[in-house]
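What follows is a short report on a single structure.
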Amino acid sequence: MSSSRKDDIFLVYFYLKKLLLGDKMPTNYAVYLSAFVFCVGLATLLTKRNLIGILIGIELLFNAANINFIAFSANDTAAQGHIFSLFVIVLATAETAIGLAIAYLLYEHLKTDEITQFTQLKEEE
């Protein structure tokens with residue numbers, strides 16, 4: 001492959017990357033986005049009465065934390081925030097799986113997903 005062809009391929013790659021990814025987002029914008037997502041997650045967590053809505057609120061809280069981890073580790077060469085963010089994603093996935101399993105079992109037992117109906121977990125004899 002000729003040198004000019006390699007340069008052309010590199011330029012196409014560079015411009016496509018810049019077009020698709022754009023410039024790096026400033027850290028303060030990421031913090032504002034994270035605060036907004038956290039507030040929406042907290043409002044969802046506090047206002048919803050069913051289990052699925054509460055799980056969605058918890059996921060939004062985790063995502064807000066992940067946005068902060070990524071934003072503050074953007075200039076870090078060790079990428080510790082990225083690694084910690086992946087760890088949080090794995091934990092959130094496990095939490096969602098367990099939460100959905102509990103929600104399914106409670107719904108199957110009590111025929112409702114309203115959390116106000118879950119006053120007792122032990123069967124009456």
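By order in the structure tokens, chains are A, B, ...; within a chain, residues start at 1; ligands start at 1, following the order shown.
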**Study point:** Polymer residues at most 12 Å from A:Phe36, only C-alpha atoms, same-chain spacing of 2 or more positions, as JSON, numbers by chain
**Key:** {"A": [29, 30, 31, 32, 33, 34, 38, 39, 40, 41, 42, 43, 60, 61, 63, 64, 65, 67, 68]}
Per-residue DSSP, stretch 8-104 of chain A, filtered to alpha helix (DSSP H), as an mmCIF file with N, CA and C atoms, in the first residue's frame:
data_model
loop_
_atom_site.group_PDB
_atom_site.id
_atom_site.type_symbol
_atom_site.label_atom_id
_atom_site.label_comp_id
_atom_site.auth_asym_id
_atom_site.auth_seq_id
_atom_site.Cartn_x
_atom_site.Cartn_y
_atom_site.Cartn_z
ATOM 1 N N ASP A 8 -4.528 8.713 3.385
ATOM 2 C CA ASP A 8 -5.940 8.926 3.072
ATOM 3 C C ASP A 8 -6.839 8.107 3.994
ATOM 4 N N ILE A 9 -6.457 6.870 4.239
ATOM 5 C CA ILE A 9 -7.240 6.015 5.129
ATOM 6 C C ILE A 9 -7.238 6.583 6.542
ATOM 7 N N PHE A 10 -6.077 7.062 6.981
ATOM 8 C CA PHE A 10 -5.998 7.661 8.313
ATOM 9 C C PHE A 10 -6.879 8.905 8.410
ATOM 10 N N LEU A 11 -6.856 9.745 7.389
ATOM 11 C CA LEU A 11 -7.674 10.957 7.411
ATOM 12 C C LEU A 11 -9.161 10.625 7.428
ATOM 13 N N VAL A 12 -9.565 9.624 6.659
ATOM 14 C CA VAL A 12 -10.973 9.213 6.668
ATOM 15 C C VAL A 12 -11.347 8.695 8.053
ATOM 16 N N TYR A 13 -10.480 7.883 8.649
ATOM 17 C CA TYR A 13 -10.726 7.373 10.000
ATOM 18 C C TYR A 13 -10.808 8.519 11.001
ATOM 19 N N PHE A 14 -9.871 9.464 10.900
ATOM 20 C CA PHE A 14 -9.840 10.585 11.836
ATOM 21 C C PHE A 14 -11.110 11.426 11.737
ATOM 22 N N TYR A 15 -11.530 11.750 10.521
ATOM 23 C CA TYR A 15 -12.712 12.588 10.367
ATOM 24 C C TYR A 15 -13.997 11.850 10.740
ATOM 25 N N LEU A 16 -14.066 10.552 10.454
ATOM 26 C CA LEU A 16 -15.234 9.774 10.883
ATOM 27 C C LEU A 16 -15.300 9.697 12.400
ATOM 28 N N LYS A 17 -14.164 9.495 13.030
ATOM 29 C CA LYS A 17 -14.135 9.433 14.490
ATOM 30 C C LYS A 17 -14.561 10.770 15.084
ATOM 31 N N LYS A 18 -14.068 11.855 14.526
ATOM 32 C CA LYS A 18 -14.430 13.179 15.022
ATOM 33 C C LYS A 18 -15.901 13.467 14.767
ATOM 34 N N LEU A 19 -16.424 13.011 13.629
ATOM 35 C CA LEU A 19 -17.827 13.228 13.311
ATOM 36 C C LEU A 19 -18.726 12.422 14.236
ATOM 37 N N LEU A 20 -18.379 11.158 14.496
ATOM 38 C CA LEU A 20 -19.219 10.296 15.314
ATOM 39 C C LEU A 20 -19.072 10.578 16.803
ATOM 40 N N LEU A 21 -17.859 10.777 17.270
ATOM 41 C CA LEU A 21 -17.628 10.956 18.691
ATOM 42 C C LEU A 21 -17.599 12.422 19.105
ATOM 43 N N THR A 27 -16.120 18.639 31.669
ATOM 44 C CA THR A 27 -16.461 17.928 32.901
ATOM 45 C C THR A 27 -17.674 18.534 33.593
ATOM 46 N N ASN A 28 -17.802 19.855 33.551
ATOM 47 C CA ASN A 28 -18.947 20.452 34.253
ATOM 48 C C ASN A 28 -20.275 20.075 33.597
ATOM 49 N N TYR A 29 -20.311 19.885 32.274
ATOM 50 C CA TYR A 29 -21.538 19.433 31.620
ATOM 51 C C TYR A 29 -21.899 18.018 32.064
ATOM 52 N N ALA A 30 -20.886 17.181 32.197
ATOM 53 C CA ALA A 30 -21.131 15.812 32.654
ATOM 54 C C ALA A 30 -21.643 15.799 34.086
ATOM 55 N N VAL A 31 -21.123 16.695 34.918
ATOM 56 C CA VAL A 31 -21.590 16.769 36.301
ATOM 57 C C VAL A 31 -23.030 17.265 36.351
ATOM 58 N N TYR A 32 -23.372 18.246 35.505
ATOM 59 C CA TYR A 32 -24.757 18.716 35.436
ATOM 60 C C TYR A 32 -25.688 17.596 34.974
ATOM 61 N N LEU A 33 -25.254 16.852 33.960
ATOM 62 C CA LEU A 33 -26.058 15.721 33.470
ATOM 63 C C LEU A 33 -26.228 14.674 34.558
ATOM 64 N N SER A 34 -25.156 14.387 35.270
ATOM 65 C CA SER A 34 -25.212 13.405 36.350
ATOM 66 C C SER A 34 -26.141 13.857 37.463
ATOM 67 N N ALA A 35 -26.093 15.136 37.814
ATOM 68 C CA ALA A 35 -26.984 15.655 38.856
ATOM 69 C C ALA A 35 -28.440 15.561 38.415
ATOM 70 N N PHE A 36 -28.709 15.852 37.158
ATOM 71 C CA PHE A 36 -30.070 15.749 36.643
ATOM 72 C C PHE A 36 -30.570 14.310 36.679
ATOM 73 N N VAL A 37 -29.735 13.382 36.216
ATOM 74 C CA VAL A 37 -30.122 11.961 36.226
ATOM 75 C C VAL A 37 -30.316 11.473 37.655
ATOM 76 N N PHE A 38 -29.457 11.927 38.578
ATOM 77 C CA PHE A 38 -29.598 11.538 39.977
ATOM 78 C C PHE A 38 -30.910 12.055 40.555
ATOM 79 N N CYS A 39 -31.258 13.306 40.259
ATOM 80 C CA CYS A 39 -32.512 13.879 40.778
ATOM 81 C C CYS A 39 -33.729 13.154 40.208
ATOM 82 N N VAL A 40 -33.684 12.820 38.930
ATOM 83 C CA VAL A 40 -34.795 12.068 38.328
ATOM 84 C C VAL A 40 -34.899 10.679 38.965
ATOM 85 N N GLY A 41 -33.762 10.033 39.185
ATOM 86 C CA GLY A 41 -33.763 8.718 39.828
ATOM 87 C C GLY A 41 -34.269 8.773 41.250
ATOM 88 N N LEU A 42 -33.875 9.798 41.991
ATOM 89 C CA LEU A 42 -34.334 9.942 43.369
ATOM 90 C C LEU A 42 -35.829 10.234 43.422
ATOM 91 N N ALA A 43 -36.301 11.092 42.522
ATOM 92 C CA ALA A 43 -37.739 11.379 42.465
ATOM 93 C C ALA A 43 -38.518 10.129 42.088
ATOM 94 N N THR A 44 -38.006 9.353 41.156
ATOM 95 C CA THR A 44 -38.668 8.107 40.765
ATOM 96 C C THR A 44 -38.690 7.128 41.924
ATOM 97 N N LEU A 45 -37.583 7.029 42.628
ATOM 98 C CA LEU A 45 -37.486 6.113 43.767
ATOM 99 C C LEU A 45 -38.468 6.479 44.870
ATOM 100 N N LEU A 46 -38.640 7.768 45.116
ATOM 101 C CA LEU A 46 -39.495 8.211 46.218
ATOM 102 C C LEU A 46 -40.982 8.258 45.863
ATOM 103 N N THR A 47 -41.316 8.384 44.588
ATOM 104 C CA THR A 47 -42.725 8.562 44.229
ATOM 105 C C THR A 47 -43.410 7.308 43.706
ATOM 106 N N LEU A 51 -42.850 -2.093 42.349
ATOM 107 C CA LEU A 51 -41.465 -2.561 42.433
ATOM 108 C C LEU A 51 -40.648 -2.231 41.196
ATOM 109 N N ILE A 52 -41.249 -2.313 40.020
ATOM 110 C CA ILE A 52 -40.503 -2.052 38.791
ATOM 111 C C ILE A 52 -40.083 -0.579 38.739
ATOM 112 N N GLY A 53 -40.967 0.325 39.137
ATOM 113 C CA GLY A 53 -40.609 1.742 39.173
ATOM 114 C C GLY A 53 -39.490 2.032 40.153
ATOM 115 N N ILE A 54 -39.499 1.354 41.279
ATOM 116 C CA ILE A 54 -38.430 1.535 42.270
ATOM 117 C C ILE A 54 -37.103 1.014 41.718
ATOM 118 N N LEU A 55 -37.130 -0.117 41.034
ATOM 119 C CA LEU A 55 -35.904 -0.645 40.431
ATOM 120 C C LEU A 55 -35.368 0.293 39.358
ATOM 121 N N ILE A 56 -36.258 0.912 38.585
ATOM 122 C CA ILE A 56 -35.822 1.877 37.569
ATOM 123 C C ILE A 56 -35.157 3.072 38.240
ATOM 124 N N GLY A 57 -35.716 3.541 39.350
ATOM 125 C CA GLY A 57 -35.106 4.649 40.080
ATOM 126 C C GLY A 57 -33.725 4.310 40.595
ATOM 127 N N ILE A 58 -33.555 3.104 41.102
ATOM 128 C CA ILE A 58 -32.239 2.674 41.589
ATOM 129 C C ILE A 58 -31.238 2.601 40.438
ATOM 130 N N GLU A 59 -31.666 2.123 39.283
ATOM 131 C CA GLU A 59 -30.778 2.063 38.121
ATOM 132 C C GLU A 59 -30.358 3.458 37.677
ATOM 133 N N LEU A 60 -31.276 4.416 37.741
ATOM 134 C CA LEU A 60 -30.914 5.788 37.386
ATOM 135 C C LEU A 60 -29.883 6.357 38.357
ATOM 136 N N LEU A 61 -29.993 6.018 39.630
ATOM 137 C CA LEU A 61 -28.986 6.462 40.601
ATOM 138 C C LEU A 61 -27.615 5.868 40.280
ATOM 139 N N PHE A 62 -27.586 4.587 39.931
ATOM 140 C CA PHE A 62 -26.320 3.954 39.553
ATOM 141 C C PHE A 62 -25.740 4.605 38.294
ATOM 142 N N ASN A 63 -26.597 4.912 37.325
ATOM 143 C CA ASN A 63 -26.113 5.531 36.089
ATOM 144 C C ASN A 63 -25.566 6.933 36.337
ATOM 145 N N ALA A 64 -26.167 7.664 37.261
ATOM 146 C CA ALA A 64 -25.637 8.985 37.603
ATOM 147 C C ALA A 64 -24.236 8.858 38.202
ATOM 148 N N ALA A 65 -24.042 7.878 39.048
ATOM 149 C CA ALA A 65 -22.699 7.651 39.613
ATOM 150 C C ALA A 65 -21.715 7.268 38.515
ATOM 151 N N ASN A 66 -22.148 6.445 37.574
ATOM 152 C CA ASN A 66 -21.261 6.046 36.477
ATOM 153 C C ASN A 66 -20.871 7.230 35.606
ATOM 154 N N ILE A 67 -21.791 8.136 35.352
ATOM 155 C CA ILE A 67 -21.463 9.328 34.569
ATOM 156 C C ILE A 67 -20.376 10.129 35.270
ATOM 157 N N ASN A 68 -20.476 10.250 36.583
ATOM 158 C CA ASN A 68 -19.431 10.967 37.330
ATOM 159 C C ASN A 68 -18.094 10.247 37.269
ATOM 160 N N PHE A 69 -18.105 8.922 37.421
ATOM 161 C CA PHE A 69 -16.855 8.168 37.350
ATOM 162 C C PHE A 69 -16.166 8.378 36.004
ATOM 163 N N ILE A 70 -16.935 8.300 34.926
ATOM 164 C CA ILE A 70 -16.363 8.452 33.591
ATOM 165 C C ILE A 70 -15.892 9.886 33.375
ATOM 166 N N ALA A 71 -16.688 10.854 33.817
ATOM 167 C CA ALA A 71 -16.326 12.259 33.593
ATOM 168 C C ALA A 71 -15.034 12.624 34.308
ATOM 169 N N PHE A 72 -14.875 12.176 35.537
ATOM 170 C CA PHE A 72 -13.694 12.562 36.294
ATOM 171 C C PHE A 72 -12.470 11.723 35.956
ATOM 172 N N GLN A 80 -8.961 4.437 36.025
ATOM 173 C CA GLN A 80 -9.547 3.820 37.212
ATOM 174 C C GLN A 80 -11.042 4.044 37.284
ATOM 175 N N GLY A 81 -11.506 5.208 36.857
ATOM 176 C CA GLY A 81 -12.937 5.488 36.867
ATOM 177 C C GLY A 81 -13.696 4.608 35.885
ATOM 178 N N HIS A 82 -13.084 4.332 34.746
ATOM 179 C CA HIS A 82 -13.718 3.447 33.769
ATOM 180 C C HIS A 82 -13.846 2.035 34.325
ATOM 181 N N ILE A 83 -12.808 1.563 34.970
ATOM 182 C CA ILE A 83 -12.832 0.216 35.545
ATOM 183 C C ILE A 83 -13.857 0.140 36.674
ATOM 184 N N PHE A 84 -13.886 1.149 37.522
ATOM 185 C CA PHE A 84 -14.858 1.162 38.619
ATOM 186 C C PHE A 84 -16.273 1.258 38.074
ATOM 187 N N SER A 85 -16.452 1.997 36.986
ATOM 188 C CA SER A 85 -17.764 2.112 36.361
ATOM 189 C C SER A 85 -18.227 0.757 35.822
ATOM 190 N N LEU A 86 -17.332 0.004 35.223
ATOM 191 C CA LEU A 86 -17.686 -1.344 34.757
ATOM 192 C C LEU A 86 -18.069 -2.245 35.933
ATOM 193 N N PHE A 87 -17.366 -2.103 37.041
ATOM 194 C CA PHE A 87 -17.696 -2.867 38.243
ATOM 195 C C PHE A 87 -19.092 -2.513 38.740
ATOM 196 N N VAL A 88 -19.434 -1.220 38.737
ATOM 197 C CA VAL A 88 -20.772 -0.779 39.161
ATOM 198 C C VAL A 88 -21.835 -1.315 38.208
ATOM 199 N N ILE A 89 -21.545 -1.356 36.914
ATOM 200 C CA ILE A 89 -22.505 -1.893 35.943
ATOM 201 C C ILE A 89 -22.769 -3.365 36.209
ATOM 202 N N VAL A 90 -21.725 -4.118 36.524
ATOM 203 C CA VAL A 90 -21.899 -5.544 36.835
ATOM 204 C C VAL A 90 -22.741 -5.715 38.101
ATOM 205 N N LEU A 91 -22.460 -4.911 39.124
ATOM 206 C CA LEU A 91 -23.257 -4.990 40.352
ATOM 207 C C LEU A 91 -24.708 -4.581 40.110
ATOM 208 N N ALA A 92 -24.924 -3.574 39.286
ATOM 209 C CA ALA A 92 -26.288 -3.138 38.986
ATOM 210 C C ALA A 92 -27.048 -4.211 38.219
ATOM 211 N N THR A 93 -26.362 -4.918 37.357
ATOM 212 C CA THR A 93 -27.003 -6.010 36.623
ATOM 213 C C THR A 93 -27.415 -7.121 37.574
ATOM 214 N N ALA A 94 -26.546 -7.474 38.503
ATOM 215 C CA ALA A 94 -26.888 -8.502 39.489
ATOM 216 C C ALA A 94 -28.032 -8.042 40.385
ATOM 217 N N GLU A 95 -28.004 -6.780 40.785
ATOM 218 C CA GLU A 95 -29.076 -6.233 41.619
ATOM 219 C C GLU A 95 -30.406 -6.261 40.881
ATOM 220 N N THR A 96 -30.389 -5.943 39.603
ATOM 221 C CA THR A 96 -31.621 -5.960 38.810
ATOM 222 C C THR A 96 -32.156 -7.377 38.664
ATOM 223 N N ALA A 97 -31.280 -8.322 38.426
ATOM 224 C CA ALA A 97 -31.732 -9.709 38.279
ATOM 225 C C ALA A 97 -32.359 -10.219 39.577
ATOM 226 N N ILE A 98 -31.723 -9.945 40.690
ATOM 227 C CA ILE A 98 -32.268 -10.395 41.977
ATOM 228 C C ILE A 98 -33.558 -9.641 42.301
ATOM 229 N N GLY A 99 -33.578 -8.338 42.041
ATOM 230 C CA GLY A 99 -34.780 -7.544 42.295
ATOM 231 C C GLY A 99 -35.963 -7.992 41.458
ATOM 232 N N LEU A 100 -35.725 -8.295 40.189
ATOM 233 C CA LEU A 100 -36.816 -8.773 39.338
ATOM 234 C C LEU A 100 -37.298 -10.152 39.758
ATOM 235 N N ALA A 101 -36.374 -11.001 40.222
ATOM 236 C CA ALA A 101 -36.778 -12.322 40.711
ATOM 237 C C ALA A 101 -37.650 -12.189 41.958
ATOM 238 N N ILE A 102 -37.265 -11.311 42.868
ATOM 239 C CA ILE A 102 -38.073 -11.085 44.073
ATOM 240 C C ILE A 102 -39.420 -10.492 43.697
ATOM 241 N N ALA A 103 -39.426 -9.533 42.768
ATOM 242 C CA ALA A 103 -40.687 -8.921 42.340
ATOM 243 C C ALA A 103 -41.606 -9.956 41.710
ATOM 244 N N TYR A 104 -41.050 -10.858 40.910
ATOM 245 C CA TYR A 104 -41.859 -11.905 40.279
ATOM 246 C C TYR A 104 -42.464 -12.839 41.329
#
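Atom pair atom CA of A:Lys48 / atom CA of A:Glu114 has a distance of 9.1 Å (rounded to one decimal).
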